[in-house]
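To keep things clear, I will list the structure first and then write my remarks on it.
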Amino acid sequence: MDNIRRVVPYVPGEQPAGKVIKLNTNENPYPPAPAVQEILNTDDAELLRKYPDPSIGPLVKALAKEYDLKPEQIFVGVGSDDVIGMSFLTCFAGEKPIAFPDITYSFYDVWAELFRIPYKMIPLKDDYTIDIDDYDGQWGGIIIANPNAPTSIELGIDRVEELVKRHPECVVIVDEAYVDFGGTSAMPLVAKYPNLLITQTFSKSRSLAGLRIGFAVGNPELIKAINDVKYSYNSYTLNRPSIVAGVASLSDRPYFEKICGKVIATREAAKKEMAALGFSFPDSKTNFLFVTHEKVPAEFIQKELKKRNIYVRYWKKPRIDNRLRITIGTDEEMAALYAALKEIISQCK
């Protein structure tokens with residue numbers, strides 16, 4: 001049994017059953033586009049009887065049209081987790097360590113450990129921002145989430161470009177899972193920098209977390225290399241219902257913009273409500289807030305909210321163990337959250 005690989009696994013947010021207010025996994029509180037719902041309500045056995053297109057051609061073409069790209073610039077996978085995992089396997093195959101922030105998406109170090117990739121975590125500043133000067137040096141690769149999670153902070157596009165420009169020796173991955181909630185995508189820079197890879201997901205802004213659709217945009221040579229790894233591991237990744245639903249989602253831009261707008265409006269209102277309750281937080285460009293209270297410990301609040309069937313995310317980790325990540329829900333869900341928080345805070349006075 002000595003040859004078994006053992007890793008410390010990524011721990012996802014709780015998925016509680018029953019009637020709860022679930023603000024712990026950054027899911028979109030609104031349904032997907034009507035065209036997606038129509039497809040999922042059809043009884044088309046052909047979607048399930050046959051293998052999916054291994055090239056995911058229809059969705060790749062739809063993404064190319066949506067973002068004014070060439071199909072050979074796009075890789076599609078089973079959620080951005082799969083896309084980033086494939087990118088780690090493909091792009092970070094050298095002996096030099098890769099670099100990423102110490103406070104960020106907690107899957108990065110898990111993949112690095114799993115794939116035996118040396119890595120170094122670069123500490124964020126005290127205000128949780130990324131300083132690209134801290135990444136100076138020679139690396140085997142760099143990955144940042146922008147806007148970052150769980151901090152919710154966006155690195156300006158000029159600094160993203162400067163980071164990519166400074167490191168032509170390696171691939172720089174920019175994980176844009178939350179960019180549609182007010183961030184600025186680095187996608188236009190792909191044509192200028194062959195070492196830049198952008199990843200995005202349908203899970204957040206397109207309300208399709210359950211179908212697992214993610215994609216990457218990059219130089220055609222880089223995308224081909226990732227596809228070669230995919231075909232050597234599992235040719236049939238994305239299932240047929242996900243492919244057709246993904247295409248349908250892209251067909252309704254007005255609905256997409258409407259839902260993103262609703263989440264953003266609720267987030268901005270939440271900033272005022274939470275500040276009035278004594279919480280502070282960075283200026284979010286995501287669909288969540290990263291909060292701390294002036295008097296009441298985060299862990300206590302998380303446990304008390306759970307007693308009231310309201311779930312938020314808490315990590316008992318250095319530098320963030322007095323903060324909560326709270327997903328933006330519907331206005332009704334957020335009103336219930338504020339009422340519960342008022343009650344919990346009043347207990348501690």
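Convention: chains lettered A, B, ... in structure tokens order; per-chain residue numbering from 1; ligands numbered from 1 as shown.
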
**Prompt:** Hey, what's within 9 Å of Thr151 (chain A) if we count only C-alpha atoms and toss same-chain stuff fewer than 5 positions away? As a ChimeraX atom specification, please?
**Reply:** /A:103-104,128-129,281-282,284,289-291,325

**Ala112 (chain A) environment, 12 Å, only C-alpha atoms, sequence neighbours closer than 3 positions dropped, as a ChimeraX atom specification** = /A:7-10,84-89,91-93,97-100,106-109,115-121,140-143

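Here the alpha helix (DSSP H) residues in region 112-176 of chain A, by DSSP on the backbone, are Ala112, Glu113, Leu114, Ile157, Asp158, Arg159, Val160, Glu161, Glu162, Leu163, Val164, Lys165 and Arg166 of chain A.
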
**Message:** Give me the residues near Gly210 (chain A) as a list in words, where near means some atom within 12 Å (using only C-alpha atoms) and where sequence neighbours in that chain fewer than 4 positions away do not count.
**Reply:**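 The neighbour list is Glu27, Asn28, Pro31, Pro32, Leu40, Val78, Gly79, Thr201, Phe202, Ser203, Lys204, Arg206, Gly214, Pro241, Ser242, Ala245 and Gly246 of chain A.
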
**Request:** Determine which residues of region 111-335 of chain A receive a DSSP assignment of strand (DSSP E), computed from the backbone, and state them as a ChimeraX atom specification.
**Result:** /A:119-122,141-145,172-175,196-201,214-218,279-280,288-293,310-311,313-314,324-327

Quick one: write out the picked residues with C-alpha atoms as a short mmCIF file (atom, residue, chain, number, x, y, z; two decimals), in the first residue's frame?
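Written out: again18.cif:
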data_model
loop_
_atom_site.label_atom_id
_atom_site.label_comp_id
_atom_site.auth_asym_id
_atom_site.auth_seq_id
_atom_site.Cartn_x
_atom_site.Cartn_y
_atom_site.Cartn_z
CA TYR A 119 4.67 25.73 -6.03
CA LYS A 120 5.04 28.84 -3.90
CA MET A 121 2.23 30.83 -2.34
CA ILE A 122 2.80 34.58 -2.60
CA GLY A 141 3.81 29.23 -14.25
CA ILE A 142 1.52 31.71 -12.52
CA ILE A 143 -2.19 31.55 -11.75
CA ILE A 144 -4.36 34.24 -10.20
CA ALA A 145 -8.12 34.47 -9.75
CA VAL A 172 0.00 32.96 -16.84
CA ILE A 173 -3.52 31.70 -16.10
CA VAL A 174 -6.16 34.26 -15.12
CA ASP A 175 -9.16 32.53 -13.53
CA LEU A 196 -1.87 34.15 -21.42
CA LEU A 197 -4.70 31.71 -20.69
CA ILE A 198 -8.11 32.93 -19.50
CA THR A 199 -10.58 30.58 -17.80
CA GLN A 200 -14.26 31.24 -17.21
CA THR A 201 -17.33 29.27 -16.11
CA GLY A 214 -16.15 25.81 -18.15
CA PHE A 215 -13.88 27.09 -20.87
CA ALA A 216 -10.46 28.55 -21.53
CA VAL A 217 -9.35 31.11 -24.11
CA GLY A 218 -5.78 31.29 -25.32
CA PHE A 279 -19.51 44.71 9.00
CA SER A 280 -16.58 45.77 6.85
CA PHE A 288 -20.32 37.57 -2.81
CA LEU A 289 -19.05 39.71 0.06
CA PHE A 290 -16.02 38.87 2.21
CA VAL A 291 -17.03 40.30 5.57
CA THR A 292 -15.80 40.72 9.11
CA HIS A 293 -17.71 42.20 12.03
CA ILE A 310 -28.83 30.07 6.67
CA TYR A 311 -25.53 28.80 5.27
CA ARG A 313 -18.82 30.01 4.13
CA TYR A 314 -16.23 30.07 6.89
CA LEU A 324 -17.20 35.06 6.20
CA ARG A 325 -17.88 34.72 2.51
CA ILE A 326 -21.54 35.45 1.88
CA THR A 327 -23.04 34.71 -1.52
#

**Request:** Pick out the residues sitting within 10 Å of region 50-58 of chain A, and hand them over as a VMD selection string; count only C-alpha atoms, and ignore anything fewer than 2 positions along from it in its own chain.
**Result:** chain A and resid 45 to 48 60 to 64 71 75 to 77 227 230 to 231 234 to 244 246 to 247

Save out the residues we just selected, N, CA and C atoms, as a tab-separated table (two decimals), in the first residue's frame.
chain	number	residue	atom	x	y	z
A	45	ALA	N	-34.32	11.38	-25.94
A	45	ALA	CA	-33.43	10.29	-25.54
A	45	ALA	C	-32.13	10.29	-26.34
A	46	GLU	N	-32.16	10.90	-27.52
A	46	GLU	CA	-30.95	10.93	-28.34
A	46	GLU	C	-29.83	11.72	-27.65
A	47	LEU	N	-30.21	12.63	-26.76
A	47	LEU	CA	-29.19	13.37	-26.03
A	47	LEU	C	-28.37	12.46	-25.12
A	48	LEU	N	-28.97	11.35	-24.70
A	48	LEU	CA	-28.33	10.48	-23.72
A	48	LEU	C	-27.83	9.16	-24.31
A	60	VAL	N	-18.15	25.16	-28.66
A	60	VAL	CA	-16.94	25.90	-29.01
A	60	VAL	C	-17.27	26.98	-30.04
A	61	LYS	N	-18.05	26.61	-31.07
A	61	LYS	CA	-18.44	27.58	-32.10
A	61	LYS	C	-19.30	28.70	-31.53
A	62	ALA	N	-20.22	28.34	-30.63
A	62	ALA	CA	-21.08	29.36	-30.02
A	62	ALA	C	-20.26	30.32	-29.16
A	63	LEU	N	-19.28	29.81	-28.44
A	63	LEU	CA	-18.41	30.66	-27.63
A	63	LEU	C	-17.56	31.57	-28.52
A	64	ALA	N	-17.07	31.02	-29.62
A	64	ALA	CA	-16.27	31.81	-30.55
A	64	ALA	C	-17.09	32.98	-31.09
A	71	PRO	N	-12.54	29.38	-33.19
A	71	PRO	CA	-12.75	28.15	-32.43
A	71	PRO	C	-11.47	27.54	-31.88
A	75	PHE	N	-10.97	26.19	-25.43
A	75	PHE	CA	-11.03	24.84	-24.86
A	75	PHE	C	-12.22	24.79	-23.91
A	76	VAL	N	-13.01	23.74	-23.99
A	76	VAL	CA	-14.18	23.58	-23.11
A	76	VAL	C	-14.01	22.33	-22.26
A	77	GLY	N	-14.38	22.42	-20.99
A	77	GLY	CA	-14.28	21.28	-20.09
A	77	GLY	C	-15.43	21.22	-19.11
A	227	ASN	N	-5.92	20.39	-25.37
A	227	ASN	CA	-6.78	19.37	-25.97
A	227	ASN	C	-6.06	18.04	-26.12
A	230	LYS	N	-6.22	16.40	-22.87
A	230	LYS	CA	-7.59	15.93	-22.64
A	230	LYS	C	-7.87	14.64	-23.41
A	231	TYR	N	-7.51	14.60	-24.70
A	231	TYR	CA	-7.78	13.41	-25.52
A	231	TYR	C	-6.96	12.21	-25.05
A	234	ASN	N	-9.32	11.64	-21.26
A	234	ASN	CA	-10.74	11.33	-21.38
A	234	ASN	C	-11.31	12.13	-22.53
A	235	SER	N	-11.55	11.46	-23.66
A	235	SER	CA	-12.01	12.17	-24.86
A	235	SER	C	-13.40	12.76	-24.68
A	236	TYR	N	-14.30	11.99	-24.03
A	236	TYR	CA	-15.69	12.42	-23.92
A	236	TYR	C	-15.93	13.09	-22.58
A	237	THR	N	-15.57	14.35	-22.49
A	237	THR	CA	-15.67	15.03	-21.19
A	237	THR	C	-17.06	15.62	-20.96
A	238	LEU	N	-17.45	16.60	-21.74
A	238	LEU	CA	-18.72	17.28	-21.48
A	238	LEU	C	-19.88	16.48	-22.07
A	239	ASN	N	-20.93	16.25	-21.27
A	239	ASN	CA	-22.05	15.42	-21.75
A	239	ASN	C	-22.93	16.19	-22.73
A	240	ARG	N	-23.74	15.46	-23.46
A	240	ARG	CA	-24.55	16.06	-24.53
A	240	ARG	C	-25.57	17.10	-24.01
A	241	PRO	N	-26.31	16.81	-22.93
A	241	PRO	CA	-27.21	17.86	-22.42
A	241	PRO	C	-26.48	19.15	-22.06
A	242	SER	N	-25.28	19.04	-21.49
A	242	SER	CA	-24.52	20.24	-21.13
A	242	SER	C	-24.12	21.02	-22.38
A	243	ILE	N	-23.75	20.32	-23.43
A	243	ILE	CA	-23.34	21.00	-24.66
A	243	ILE	C	-24.50	21.80	-25.24
A	244	VAL	N	-25.67	21.17	-25.38
A	244	VAL	CA	-26.79	21.88	-26.00
A	244	VAL	C	-27.32	22.97	-25.08
A	246	GLY	N	-25.49	24.68	-22.97
A	246	GLY	CA	-24.51	25.75	-23.04
A	246	GLY	C	-24.73	26.63	-24.25
A	247	VAL	N	-24.99	25.99	-25.39
A	247	VAL	CA	-25.28	26.75	-26.61
A	247	VAL	C	-26.53	27.61	-26.42
